[in-house]
$ cat input19.csv   # CSV, C-alpha atoms (C1' of nucleotides)
chain,number,residue,atom,x,y,z
L,818,MET,CA,41.9,-20.5,0.9
L,819,ALA,CA,39.3,-17.9,1.9
L,820,MET,CA,40.5,-14.6,0.5
L,821,ASP,CA,38.9,-11.4,1.6
L,822,LYS,CA,39.4,-8.5,-0.7
L,823,LYS,CA,40.0,-6.1,2.1
L,824,GLU,CA,43.2,-7.7,3.3
L,825,ASN,CA,46.4,-6.4,1.8
L,826,PHE,CA,48.7,-8.2,-0.6
L,827,ASN,CA,51.1,-9.4,2.0
L,828,GLN,CA,48.4,-11.2,3.9
L,829,PHE,CA,47.2,-12.7,0.7
L,830,TYR,CA,50.6,-13.8,-0.4
L,831,GLU,CA,51.3,-15.5,2.9
L,832,LYS,CA,48.1,-17.5,2.5
L,833,PHE,CA,49.1,-18.4,-1.0
L,834,LEU,CA,52.5,-19.7,0.1
L,835,ASN,CA,50.9,-21.8,2.7
L,836,LEU,CA,48.5,-23.4,0.2
L,837,ALA,CA,51.0,-23.7,-2.6
L,838,LYS,CA,53.9,-25.3,-0.7
L,839,ASN,CA,51.7,-28.4,-0.5
L,840,TYR,CA,51.9,-28.6,-4.2
L,841,GLY,CA,55.6,-28.4,-4.6
L,842,HIS,CA,55.8,-24.7,-5.1
L,843,TYR,CA,59.2,-23.0,-4.8
L,844,ASP,CA,59.1,-19.3,-4.2
L,845,SER,CA,60.4,-16.9,-6.9
L,846,SER,CA,60.3,-13.2,-7.5
L,847,GLN,CA,58.6,-13.8,-10.8
L,848,ARG,CA,55.6,-15.6,-9.3
L,849,GLU,CA,55.4,-13.1,-6.5
L,850,VAL,CA,55.2,-10.2,-8.9
L,851,ILE,CA,52.6,-12.0,-11.1
L,852,LEU,CA,50.4,-12.5,-8.1
L,853,ARG,CA,50.9,-8.9,-7.1
L,854,VAL,CA,49.8,-7.8,-10.6
L,855,LEU,CA,46.8,-10.1,-10.5
L,856,TYR,CA,45.9,-9.0,-7.0
L,857,HIS,CA,45.8,-5.3,-7.9
L,858,SER,CA,43.7,-5.7,-11.0
L,859,ASN,CA,39.9,-5.7,-11.0
L,860,ALA,CA,39.8,-6.8,-14.7
L,861,HIS,CA,40.7,-10.0,-16.4
L,862,LEU,CA,44.2,-9.7,-17.9
L,863,SER,CA,45.9,-11.5,-20.8
L,864,ALA,CA,49.2,-13.2,-20.2
L,865,ASP,CA,50.8,-10.5,-22.3
L,866,GLU,CA,49.3,-7.7,-20.2
L,867,ILE,CA,50.4,-9.5,-17.0
L,868,ALA,CA,53.9,-9.7,-18.4
L,869,CYS,CA,54.0,-6.0,-19.3
L,870,ARG,CA,52.8,-4.9,-15.9
L,871,ALA,CA,55.3,-7.3,-14.2
L,872,ARG,CA,58.2,-5.9,-16.2
L,873,LYS,CA,57.9,-2.7,-14.4
L,874,TYR,CA,59.4,-4.5,-11.5
L,875,ILE,CA,61.4,-7.5,-12.8
L,876,ARG,CA,62.6,-9.2,-15.9
L,877,ILE,CA,60.2,-12.0,-16.9
L,878,SER,CA,59.5,-14.1,-20.0
L,879,LEU,CA,56.2,-15.0,-21.4
L,880,PRO,CA,56.6,-18.8,-20.9
L,881,THR,CA,57.1,-18.1,-17.2
L,882,VAL,CA,53.9,-16.1,-17.1
L,883,TYR,CA,52.0,-18.9,-18.7
L,884,ASN,CA,53.7,-21.4,-16.4
L,885,THR,CA,52.6,-19.6,-13.4
L,886,LEU,CA,49.1,-18.9,-14.6
L,887,ASN,CA,48.7,-22.6,-15.3
L,888,PHE,CA,50.0,-23.5,-11.9
L,889,LEU,CA,47.5,-21.0,-10.3
L,890,GLU,CA,44.7,-22.4,-12.5
L,891,ASN,CA,45.4,-25.9,-11.3
L,892,LEU,CA,45.2,-24.7,-7.7
L,893,GLY,CA,41.8,-23.3,-8.5
L,894,LEU,CA,42.8,-19.8,-7.7
L,895,ILE,CA,42.2,-18.3,-11.2
L,896,HIS,CA,39.2,-17.6,-13.2
L,897,THR,CA,39.7,-17.8,-16.9
L,898,LEU,CA,37.8,-16.1,-19.5
L,899,VAL,CA,37.9,-15.7,-23.3
L,900,LEU,CA,36.1,-12.6,-24.6
L,901,PRO,CA,35.4,-11.3,-28.1
L,902,PRO,CA,37.3,-11.3,-30.4
L,903,PHE,CA,38.1,-14.7,-28.9
L,904,LYS,CA,41.9,-14.5,-29.5
L,905,THR,CA,43.4,-14.7,-26.0
L,906,LYS,CA,42.7,-16.2,-22.7
L,907,THR,CA,42.4,-13.7,-19.8
L,908,TYR,CA,42.9,-14.4,-16.1
L,909,LYS,CA,41.7,-13.0,-12.8
L,910,LEU,CA,42.3,-14.1,-9.2
L,911,LYS,CA,39.3,-15.6,-7.5
L,912,LEU,CA,39.6,-13.4,-4.4
L,913,ASP,CA,36.0,-13.8,-3.4
L,914,TYR,CA,33.1,-15.8,-4.4
L,915,HIS,CA,30.8,-13.1,-5.8
L,916,ASP,CA,29.0,-13.6,-9.0
L,917,GLN,CA,30.2,-11.2,-11.7
L,918,LEU,CA,28.8,-9.0,-14.4
L,919,VAL,CA,31.5,-8.7,-17.0
L,920,CYS,CA,31.7,-6.1,-19.7
L,921,ILE,CA,32.9,-7.7,-22.9
L,922,LYS,CA,34.3,-4.4,-24.1
L,923,CYS,CA,36.5,-3.2,-21.3
L,924,GLY,CA,36.7,-6.3,-19.2
L,925,THR,CA,35.4,-4.6,-16.1
L,926,ALA,CA,33.9,-7.1,-13.7
L,927,MET,CA,31.2,-6.0,-11.4
L,928,PRO,CA,30.5,-8.3,-8.5
L,929,PHE,CA,26.9,-8.9,-7.6
L,930,CYS,CA,24.9,-11.2,-5.5
L,931,ASP,CA,21.4,-12.4,-6.2
L,932,LYS,CA,19.9,-15.1,-4.1
L,933,LYS,CA,17.2,-16.2,-6.5
L,934,LEU,CA,19.6,-16.5,-9.3
L,935,ARG,CA,21.7,-18.8,-7.1
L,936,GLU,CA,18.7,-20.9,-6.3
L,937,LYS,CA,17.9,-21.2,-9.9
L,938,GLU,CA,21.4,-22.3,-10.7
L,939,SER,CA,21.4,-25.0,-8.0
L,940,GLU,CA,18.1,-26.3,-9.3
L,941,ILE,CA,19.4,-26.5,-12.9
L,942,LEU,CA,22.7,-28.1,-12.0
L,943,GLN,CA,20.8,-30.7,-10.0
L,944,ASN,CA,18.4,-31.4,-12.8
L,945,TYR,CA,21.3,-32.4,-15.0
L,946,ASN,CA,23.2,-34.3,-12.4
L,947,PHE,CA,26.0,-31.7,-12.3
L,948,THR,CA,28.1,-31.1,-9.2
L,949,ALA,CA,28.7,-27.4,-8.6
L,950,ILE,CA,32.4,-26.7,-8.0
L,951,ASN,CA,33.8,-23.3,-7.2
L,952,ARG,CA,30.5,-21.8,-8.1
L,953,THR,CA,30.6,-18.5,-9.9
L,954,ILE,CA,27.9,-17.2,-12.2
L,955,ILE,CA,29.1,-14.8,-14.8
L,956,LEU,CA,26.8,-12.7,-16.9
L,957,TYR,CA,28.2,-10.9,-19.9
L,958,GLY,CA,27.1,-7.6,-21.4
L,959,VAL,CA,28.3,-4.1,-22.2
L,960,CYS,CA,28.6,-1.7,-19.3
L,961,PHE,CA,27.1,1.8,-19.3
L,962,SER,CA,30.3,3.7,-20.0
L,963,CYS,CA,31.2,1.5,-23.0
L,964,GLN,CA,27.7,2.0,-24.3
L,965,LYS,CA,28.2,5.7,-24.3
L,966,LYS,CA,31.6,5.4,-26.0
L,967,GLN,CA,30.1,3.4,-28.9
L,968,ARG,CA,27.8,6.3,-29.9
P,89,MET,CA,15.7,-13.0,-39.7
P,90,ALA,CA,13.3,-14.8,-37.4
P,91,MET,CA,14.2,-18.4,-37.5
P,92,ASP,CA,11.8,-20.9,-36.1
P,93,LYS,CA,13.4,-24.3,-35.3
P,94,LYS,CA,10.4,-26.2,-36.6
P,95,GLU,CA,10.7,-25.0,-40.2
P,96,ASN,CA,12.8,-27.3,-42.4
P,97,PHE,CA,16.2,-26.5,-43.8
P,98,ASN,CA,15.0,-25.5,-47.2
P,99,GLN,CA,12.8,-22.8,-45.8
P,100,PHE,CA,15.6,-21.6,-43.6
P,101,TYR,CA,18.0,-21.6,-46.5
P,102,GLU,CA,15.7,-19.6,-48.7
P,103,LYS,CA,15.4,-16.9,-45.9
P,104,PHE,CA,19.2,-16.9,-45.6
P,105,LEU,CA,19.7,-16.3,-49.3
P,106,ASN,CA,17.3,-13.5,-49.2
P,107,LEU,CA,19.1,-11.8,-46.4
P,108,ALA,CA,22.6,-12.6,-47.7
P,109,LYS,CA,22.2,-11.4,-51.2
P,110,ASN,CA,22.1,-7.8,-49.8
P,111,TYR,CA,25.6,-8.4,-48.6
P,112,GLY,CA,27.1,-9.5,-51.9
P,113,HIS,CA,26.7,-13.1,-51.2
P,114,TYR,CA,27.2,-15.5,-54.1
P,115,ASP,CA,25.8,-19.0,-53.7
P,116,SER,CA,28.1,-22.0,-53.4
P,117,SER,CA,27.7,-25.6,-52.5
P,118,GLN,CA,30.2,-25.2,-49.7
P,119,ARG,CA,28.3,-22.5,-48.0
P,120,GLU,CA,25.0,-24.4,-48.4
P,121,VAL,CA,26.5,-27.5,-46.8
P,122,ILE,CA,28.0,-25.5,-43.9
P,123,LEU,CA,24.7,-24.0,-43.2
P,124,ARG,CA,23.1,-27.4,-43.4
P,125,VAL,CA,25.6,-28.8,-40.9
P,126,LEU,CA,25.0,-25.9,-38.5
P,127,TYR,CA,21.3,-26.1,-38.9
P,128,HIS,CA,21.2,-29.8,-37.9
P,129,SER,CA,23.5,-29.5,-34.9
P,130,ASN,CA,22.2,-28.7,-31.4
P,131,ALA,CA,25.7,-28.1,-30.0
P,132,HIS,CA,28.3,-25.5,-30.7
P,133,LEU,CA,30.8,-26.9,-33.3
P,134,SER,CA,34.4,-26.0,-34.0
P,135,ALA,CA,35.5,-25.1,-37.5
P,136,ASP,CA,37.2,-28.5,-37.8
P,137,GLU,CA,34.1,-30.4,-36.7
P,138,ILE,CA,32.1,-28.5,-39.3
P,139,ALA,CA,34.6,-29.3,-42.0
P,140,CYS,CA,34.5,-33.0,-41.1
P,141,ARG,CA,30.7,-33.2,-41.2
P,142,ALA,CA,30.6,-31.2,-44.4
P,143,ARG,CA,33.1,-33.5,-46.1
P,144,LYS,CA,30.6,-36.3,-46.0
P,145,TYR,CA,28.9,-34.4,-48.8
P,146,ILE,CA,31.5,-32.3,-50.5
P,147,ARG,CA,35.1,-31.4,-50.7
P,148,ILE,CA,35.9,-28.4,-48.6
P,149,SER,CA,38.9,-26.7,-47.2
P,150,LEU,CA,39.4,-25.2,-43.7
P,151,PRO,CA,39.9,-21.7,-44.9
P,152,THR,CA,36.6,-21.8,-46.7
P,153,VAL,CA,34.9,-23.0,-43.5
P,154,TYR,CA,36.4,-20.0,-41.6
P,155,ASN,CA,35.5,-17.7,-44.4
P,156,THR,CA,31.9,-18.7,-44.3
P,157,LEU,CA,31.7,-18.7,-40.5
P,158,ASN,CA,33.1,-15.1,-40.4
P,159,PHE,CA,30.6,-14.1,-43.1
P,160,LEU,CA,27.8,-15.5,-41.0
P,161,GLU,CA,29.1,-14.0,-37.9
P,162,ASN,CA,29.1,-10.5,-39.5
P,163,LEU,CA,25.5,-11.1,-40.5
P,164,GLY,CA,24.8,-11.7,-36.9
P,165,LEU,CA,23.6,-15.3,-37.6
P,166,ILE,CA,26.2,-17.1,-35.5
P,167,HIS,CA,26.7,-17.4,-31.8
P,168,THR,CA,30.3,-17.9,-30.9
P,169,LEU,CA,31.6,-19.6,-27.7
P,170,VAL,CA,35.0,-20.6,-26.4
P,171,LEU,CA,34.8,-23.2,-23.7
P,172,PRO,CA,37.4,-24.9,-21.5
P,173,PRO,CA,40.2,-25.8,-22.4
P,174,PHE,CA,39.8,-22.5,-24.3
P,175,LYS,CA,41.6,-23.7,-27.4
P,176,THR,CA,39.0,-23.3,-30.1
P,177,LYS,CA,36.1,-21.1,-31.1
P,178,THR,CA,32.9,-23.0,-31.5
P,179,TYR,CA,29.9,-21.8,-33.5
P,180,LYS,CA,26.2,-22.3,-33.5
P,181,LEU,CA,23.4,-20.8,-35.6
P,182,LYS,CA,21.3,-18.4,-33.6
P,183,LEU,CA,18.1,-20.4,-34.2
P,184,ASP,CA,17.2,-20.1,-30.6
P,185,TYR,CA,18.9,-19.0,-27.4
P,186,HIS,CA,20.5,-22.0,-25.8
P,187,ASP,CA,22.1,-21.6,-22.4
P,188,GLN,CA,24.7,-24.1,-21.6
P,189,LEU,CA,25.8,-26.3,-18.7
P,190,VAL,CA,29.5,-26.9,-19.1
P,191,CYS,CA,31.5,-29.6,-17.4
P,192,ILE,CA,34.9,-28.2,-16.4
P,193,LYS,CA,36.4,-31.6,-16.5
P,194,CYS,CA,35.5,-33.0,-19.9
P,195,GLY,CA,34.3,-29.8,-21.6
P,196,THR,CA,30.9,-31.3,-22.5
P,197,ALA,CA,28.4,-28.6,-23.0
P,198,MET,CA,24.7,-29.4,-22.3
P,199,PRO,CA,22.2,-26.9,-23.7
P,200,PHE,CA,19.3,-26.0,-21.5
P,201,CYS,CA,16.6,-23.4,-21.4
P,202,ASP,CA,15.1,-21.9,-18.3
P,203,LYS,CA,12.8,-19.0,-18.7
P,204,LYS,CA,13.0,-17.8,-15.1
P,205,LEU,CA,16.8,-17.9,-15.2
P,206,ARG,CA,16.6,-15.7,-18.3
P,207,GLU,CA,14.2,-13.3,-16.6
P,208,LYS,CA,16.5,-13.0,-13.6
P,209,GLU,CA,19.4,-12.3,-15.9
P,210,SER,CA,17.6,-9.5,-17.7
P,211,GLU,CA,16.7,-8.0,-14.4
P,212,ILE,CA,20.2,-8.0,-13.1
P,213,LEU,CA,21.7,-6.7,-16.3
P,214,GLN,CA,19.2,-3.8,-16.2
P,215,ASN,CA,19.9,-3.0,-12.6
P,216,TYR,CA,23.5,-2.4,-13.4
P,217,ASN,CA,22.9,-0.6,-16.7
P,218,PHE,CA,24.4,-3.3,-18.7
P,219,THR,CA,23.4,-4.0,-22.3
P,220,ALA,CA,22.9,-7.6,-23.1
P,221,ILE,CA,24.9,-8.7,-26.1
P,222,ASN,CA,25.1,-12.2,-27.5
P,223,ARG,CA,23.2,-13.4,-24.5
P,224,THR,CA,24.2,-16.9,-23.3
P,225,ILE,CA,24.2,-18.0,-19.7
P,226,ILE,CA,26.9,-20.5,-19.0
P,227,LEU,CA,26.9,-22.5,-15.8
P,228,TYR,CA,29.9,-24.5,-14.8
P,229,GLY,CA,30.0,-27.7,-12.9
P,230,VAL,CA,31.1,-31.4,-13.0
P,231,CYS,CA,29.0,-33.7,-15.0
P,232,PHE,CA,27.7,-37.0,-13.7
P,233,SER,CA,30.1,-39.2,-15.7
P,234,CYS,CA,33.1,-37.2,-14.5
P,235,GLN,CA,31.9,-37.4,-10.9
P,236,LYS,CA,31.9,-41.2,-11.2
P,237,LYS,CA,35.4,-41.3,-12.7
P,238,GLN,CA,36.8,-39.2,-9.8
P,239,ARG,CA,35.9,-41.7,-7.2
W,1252,DC,C1',72.0,-32.1,-3.2
W,1253,DT,C1',67.5,-32.4,-5.4
W,1254,DA,C1',63.4,-30.5,-7.0
W,1255,DT,C1',61.5,-26.6,-9.0
W,1256,DG,C1',61.6,-22.3,-11.7
W,1257,DT,C1',63.5,-19.5,-15.6
W,1258,DG,C1',64.7,-18.0,-20.2
W,1259,DC,C1',65.5,-18.9,-24.8
W,1260,DA,C1',64.5,-20.9,-29.0
W,1261,DA,C1',61.6,-23.8,-31.4
W,1262,DA,C1',57.5,-26.3,-32.0
W,1263,DG,C1',52.3,-26.7,-32.0
W,1264,DG,C1',47.6,-25.6,-33.0
W,1265,DC,C1',44.1,-22.6,-34.5
W,1266,DT,C1',42.9,-19.0,-37.7
W,1267,DT,C1',43.9,-15.7,-41.3
W,1268,DT,C1',45.9,-14.0,-45.6
W,1269,DG,C1',47.7,-13.8,-50.5
W,1270,DC,C1',47.0,-15.4,-54.9
W,1271,DA,C1',45.6,-17.9,-59.0
W,1272,DA,C1',41.9,-20.6,-60.7
W,1273,DA,C1',37.0,-21.6,-60.7
W,1274,DC,C1',32.4,-20.2,-60.4
W,1275,DG,C1',27.9,-17.4,-60.0
W,1276,DG,C1',24.9,-13.8,-61.5
R,1010,DC,C1',32.4,-10.2,-68.0
R,1011,DC,C1',33.0,-8.7,-63.2
R,1012,DG,C1',32.7,-9.7,-58.5
R,1013,DT,C1',32.8,-13.5,-55.2
R,1014,DT,C1',34.3,-18.0,-53.5
R,1015,DT,C1',37.6,-21.7,-53.4
R,1016,DG,C1',41.8,-24.3,-52.4
R,1017,DC,C1',46.5,-24.3,-51.5
R,1018,DA,C1',50.4,-22.8,-49.2
R,1019,DA,C1',52.3,-19.8,-46.2
R,1020,DA,C1',52.1,-16.6,-42.5
R,1021,DG,C1',50.4,-14.9,-37.9
R,1022,DC,C1',49.3,-15.3,-33.1
R,1023,DC,C1',48.9,-17.2,-28.8
R,1024,DT,C1',50.5,-20.9,-26.0
R,1025,DT,C1',53.3,-24.9,-24.9
R,1026,DT,C1',57.6,-27.7,-24.9
R,1027,DG,C1',62.6,-29.0,-24.5
R,1028,DC,C1',66.6,-28.1,-22.6
R,1029,DA,C1',70.5,-26.0,-20.1
R,1030,DC,C1',71.2,-23.0,-16.4
R,1031,DA,C1',69.9,-20.7,-12.1
R,1032,DT,C1',67.7,-20.8,-7.7
R,1033,DA,C1',65.0,-22.4,-3.5
R,1034,DG,C1',64.6,-25.5,0.3
$ encode --input "input19.csv" --output "structure tokens"
Amino acid sequence: MAMDKKENFNQFYEKFLNLAKNYGHYDSSQREVILRVLYHSNAHLSADEIACRARKYIRISLPTVYNTLNFLENLGLIHTLVLPPFKTKTYKLKLDYHDQLVCIKCGTAMPFCDKKLREKESEILQNYNFTAINRTIILYGVCFSCQKKQR
Amino acid sequence: MAMDKKENFNQFYEKFLNLAKNYGHYDSSQREVILRVLYHSNAHLSADEIACRARKYIRISLPTVYNTLNFLENLGLIHTLVLPPFKTKTYKLKLDYHDQLVCIKCGTAMPFCDKKLREKESEILQNYNFTAINRTIILYGVCFSCQKKQR
DNA sequence: CTATGTGCAAAGGCTTTGCAAACGG
DNA sequence: CCGTTTGCAAAGCCTTTGCACATAG
């Protein structure tokens, strides 16, 4: 499922349905809204945040959010992350295959691409007999605007 | 607190006491054993694993393990990590800066160190005005034994 | 009609808290 | 002695599960 960030949600959703129906997926308004919320967020979101945003449009329970997130995760469409203070999982759609710089304060993800970093990664994975799957390199730090706030 | 891996535990523990007493630390056999366990593990350990290993030497409760880990974390002596399946925090002394290769199937974490990868990371963080905090590079893939199982 | 999704309530699992007793300095 | 640490039990939080009902195909 090649997803280009520039396409709009409807195009994305159609692709999703095509992929998901092979895995016994039945359409529901809850799942559509969850995908819509994820699609329009640049940051990683917790299940609770996703539920809150979805509730602007529909009634939805937390177990349903988790159910859908786990379904998406199994399809390989979700990137999961646990940031300090390490209490909650956060989720983000894998819309593209860029590497990311993630701010552990605000969750902002900044995509970047560095060829030499990629080469280094390949080399290391190979050295340890690891197969690369769905390769995404994520570097963590504190972004400039959060650095300013701290002072 | 510069900790060189080659020094033995007693030297390390003496340094720790020196640092910790400034933070109201009272010595206890439980804390000493926890530090001993952490000192002798290359991998990140969960609180439960730490408790199990410590219980070979003393009686110790889980809240005490957490209490000590949080104390060490506040002192900046601990590196914390949450790996797939994202259920438990794992802890490791910051004796050195281990990067990790994580198998997304079985969760095995294999520490590695690659100087050039580190340099690349620094460069990229700087380029985007990110401050590096708790620096650990984590690469994900499928380890050799899980590759074999899949076939 | 059958398989899947939903919501509720309850259970699970990891981590923290409150408190009395034990201990260190 | 006073402040800190310990263990126990209980509480908190996030996430999952069981089940009856609703809905999609």
$ calpha_fit_rmsd --input "input19.csv" --fixed "chain P" --moving "chain L"
2.3 Å
$ closest_residue --input "input19.csv" --among "P:Lys203, P:Arg223, P:Lys109, P:Lys237" --to "chain R" --atoms "all atoms listed in the file"
P:Lys109
$ interface_residues --input "input19.csv" --of "chain R" --to "chain L" --cutoff "9 Å" --atoms "all atoms listed in the file" --output "VMD selection string"
chain R and resid 1022 to 1025 1032 to 1034
$ write_last_selection --input "input19.csv" --atoms "C-alpha atoms (C1' of nucleotides)" --output "JSON list (two decimals), keeping the file's coordinate frame"
[["chain", "number", "residue", "atom", "x", "y", "z"],
["R", 1022, "DC", "C1'", 49.30, -15.30, -33.10],
["R", 1023, "DC", "C1'", 48.90, -17.20, -28.80],
["R", 1024, "DT", "C1'", 50.50, -20.90, -26.00],
["R", 1025, "DT", "C1'", 53.30, -24.90, -24.90],
["R", 1032, "DT", "C1'", 67.70, -20.80, -7.70],
["R", 1033, "DA", "C1'", 65.00, -22.40, -3.50],
["R", 1034, "DG", "C1'", 64.60, -25.50, 0.30]]
$ atom_distance --input "input19.csv" --atom1 "atom CA of L:Ser939" --atom2 "atom CA of P:Phe232"
14.7 Å
$ atom_distance --input "input19.csv" --atom1 "atom CA of L:Arg853" --atom2 "atom CA of L:Lys922"
24.2 Å
$ axis_aligned_box --input "input19.csv" --around "stretch 1266-1269 of chain W" --padding-each-side "8 Å" --output "AutoDock Vina command-line options"
--center_x 45.3 --center_y -16.4 --center_z -44.1 --size_x 20.8 --size_y 21.2 --size_z 28.8
$ residues_near_point --input "input19.csv" --point "(47.0, -21.7, -60.5)" --cutoff "12 Å" --atoms "all atoms listed in the file" --output "mmCIF file with C-alpha atoms (C1' of nucleotides), keeping the file's coordinate frame"
data_model
loop_
_atom_site.group_PDB
_atom_site.id
_atom_site.type_symbol
_atom_site.label_atom_id
_atom_site.label_comp_id
_atom_site.auth_asym_id
_atom_site.auth_seq_id
_atom_site.Cartn_x
_atom_site.Cartn_y
_atom_site.Cartn_z
ATOM 1 C "C1'" DC W 1270 47.000 -15.400 -54.900
ATOM 2 C "C1'" DA W 1271 45.600 -17.900 -59.000
ATOM 3 C "C1'" DA W 1272 41.900 -20.600 -60.700
ATOM 4 C "C1'" DA W 1273 37.000 -21.600 -60.700
ATOM 5 C "C1'" DT R 1015 37.600 -21.700 -53.400
ATOM 6 C "C1'" DG R 1016 41.800 -24.300 -52.400
ATOM 7 C "C1'" DC R 1017 46.500 -24.300 -51.500
ATOM 8 C "C1'" DA R 1018 50.400 -22.800 -49.200
#
$ atom_distance --input "input19.csv" --atom1 "atom CA of L:Gln964" --atom2 "atom CA of L:Cys920"
10.1 Å
$ interface_residues --input "input19.csv" --of "chain W" --to "chain P" --cutoff "12 Å" --atoms "all atoms listed in the file" --output "PyMOL selection string"
chain W and resi 1264-1268+1273-1276
$ closest_atom_pairs --input "input19.csv" --of "chain L" --to "chain P" --cutoff "8 Å" --atoms "only C-alpha atoms" --output "JSON lines"
{"residue": "L:Val899", "atom": "CA", "partner": "P:Val170", "partner_atom": "CA", "distance": 6.5}
{"residue": "L:Phe903", "atom": "CA", "partner": "P:Lys177", "partner_atom": "CA", "distance": 7.1}
{"residue": "L:Lys906", "atom": "CA", "partner": "P:Phe174", "partner_atom": "CA", "distance": 7.1}
{"residue": "L:Leu918", "atom": "CA", "partner": "P:Leu213", "partner_atom": "CA", "distance": 7.7}
{"residue": "L:Cys920", "atom": "CA", "partner": "P:Phe218", "partner_atom": "CA", "distance": 7.9}
{"residue": "L:Lys933", "atom": "CA", "partner": "P:Lys208", "partner_atom": "CA", "distance": 7.8}
{"residue": "L:Leu934", "atom": "CA", "partner": "P:Lys208", "partner_atom": "CA", "distance": 6.4}
{"residue": "L:Lys937", "atom": "CA", "partner": "P:Leu205", "partner_atom": "CA", "distance": 6.3}
{"residue": "L:Glu938", "atom": "CA", "partner": "P:Leu227", "partner_atom": "CA", "distance": 7.5}
{"residue": "L:Leu942", "atom": "CA", "partner": "P:Gly229", "partner_atom": "CA", "distance": 7.4}
{"residue": "L:Tyr945", "atom": "CA", "partner": "P:Cys231", "partner_atom": "CA", "distance": 7.8}
{"residue": "L:Asn946", "atom": "CA", "partner": "P:Phe232", "partner_atom": "CA", "distance": 5.4}
{"residue": "L:Phe947", "atom": "CA", "partner": "P:Cys231", "partner_atom": "CA", "distance": 4.5}
{"residue": "L:Thr948", "atom": "CA", "partner": "P:Val230", "partner_atom": "CA", "distance": 4.9}
{"residue": "L:Ala949", "atom": "CA", "partner": "P:Gly229", "partner_atom": "CA", "distance": 4.5}
{"residue": "L:Ile950", "atom": "CA", "partner": "P:Gly229", "partner_atom": "CA", "distance": 5.5}
{"residue": "L:Arg952", "atom": "CA", "partner": "P:Tyr228", "partner_atom": "CA", "distance": 7.2}
{"residue": "L:Thr953", "atom": "CA", "partner": "P:Tyr228", "partner_atom": "CA", "distance": 7.8}
{"residue": "L:Ile954", "atom": "CA", "partner": "P:Leu227", "partner_atom": "CA", "distance": 6.5}
{"residue": "L:Ile955", "atom": "CA", "partner": "P:Ile226", "partner_atom": "CA", "distance": 7.4}
{"residue": "L:Leu956", "atom": "CA", "partner": "P:Ile225", "partner_atom": "CA", "distance": 6.5}
{"residue": "L:Tyr957", "atom": "CA", "partner": "P:Ala220", "partner_atom": "CA", "distance": 7.0}
{"residue": "L:Gly958", "atom": "CA", "partner": "P:Ala220", "partner_atom": "CA", "distance": 4.5}
{"residue": "L:Val959", "atom": "CA", "partner": "P:Thr219", "partner_atom": "CA", "distance": 4.9}
{"residue": "L:Cys960", "atom": "CA", "partner": "P:Phe218", "partner_atom": "CA", "distance": 4.5}
{"residue": "L:Phe961", "atom": "CA", "partner": "P:Asn217", "partner_atom": "CA", "distance": 5.5}
{"residue": "L:Gln964", "atom": "CA", "partner": "P:Thr219", "partner_atom": "CA", "distance": 7.6}
$ residues_around --input "input19.csv" --residues "W:DA1260" --least-positions-apart "4" --cutoff "12 Å" --atoms "only C-alpha atoms (C1' of nucleotides)" --output "list in words"
Pro880 of chain L; DT1026, DG1027, DC1028 and DA1029 of chain R
$ residues_around --input "input19.csv" --residues "R:DA1031" --least-positions-apart "3" --cutoff "12 Å" --atoms "all atoms listed in the file" --output "list in words"
Ser845 of chain L; DT1255, DG1256, DT1257 and DG1258 of chain W
$ closest_residue --input "input19.csv" --among "P:Asn110, P:Asn98, P:Asn215, P:Gln118" --to "R:DT1014" --atoms "all atoms listed in the file"
P:Gln118
$ residues_around --input "input19.csv" --residues "P:Lys182" --least-positions-apart "6" --cutoff "7 Å" --atoms "only C-alpha atoms (C1' of nucleotides)" --output "PyMOL selection string"
chain P and resi 165-167
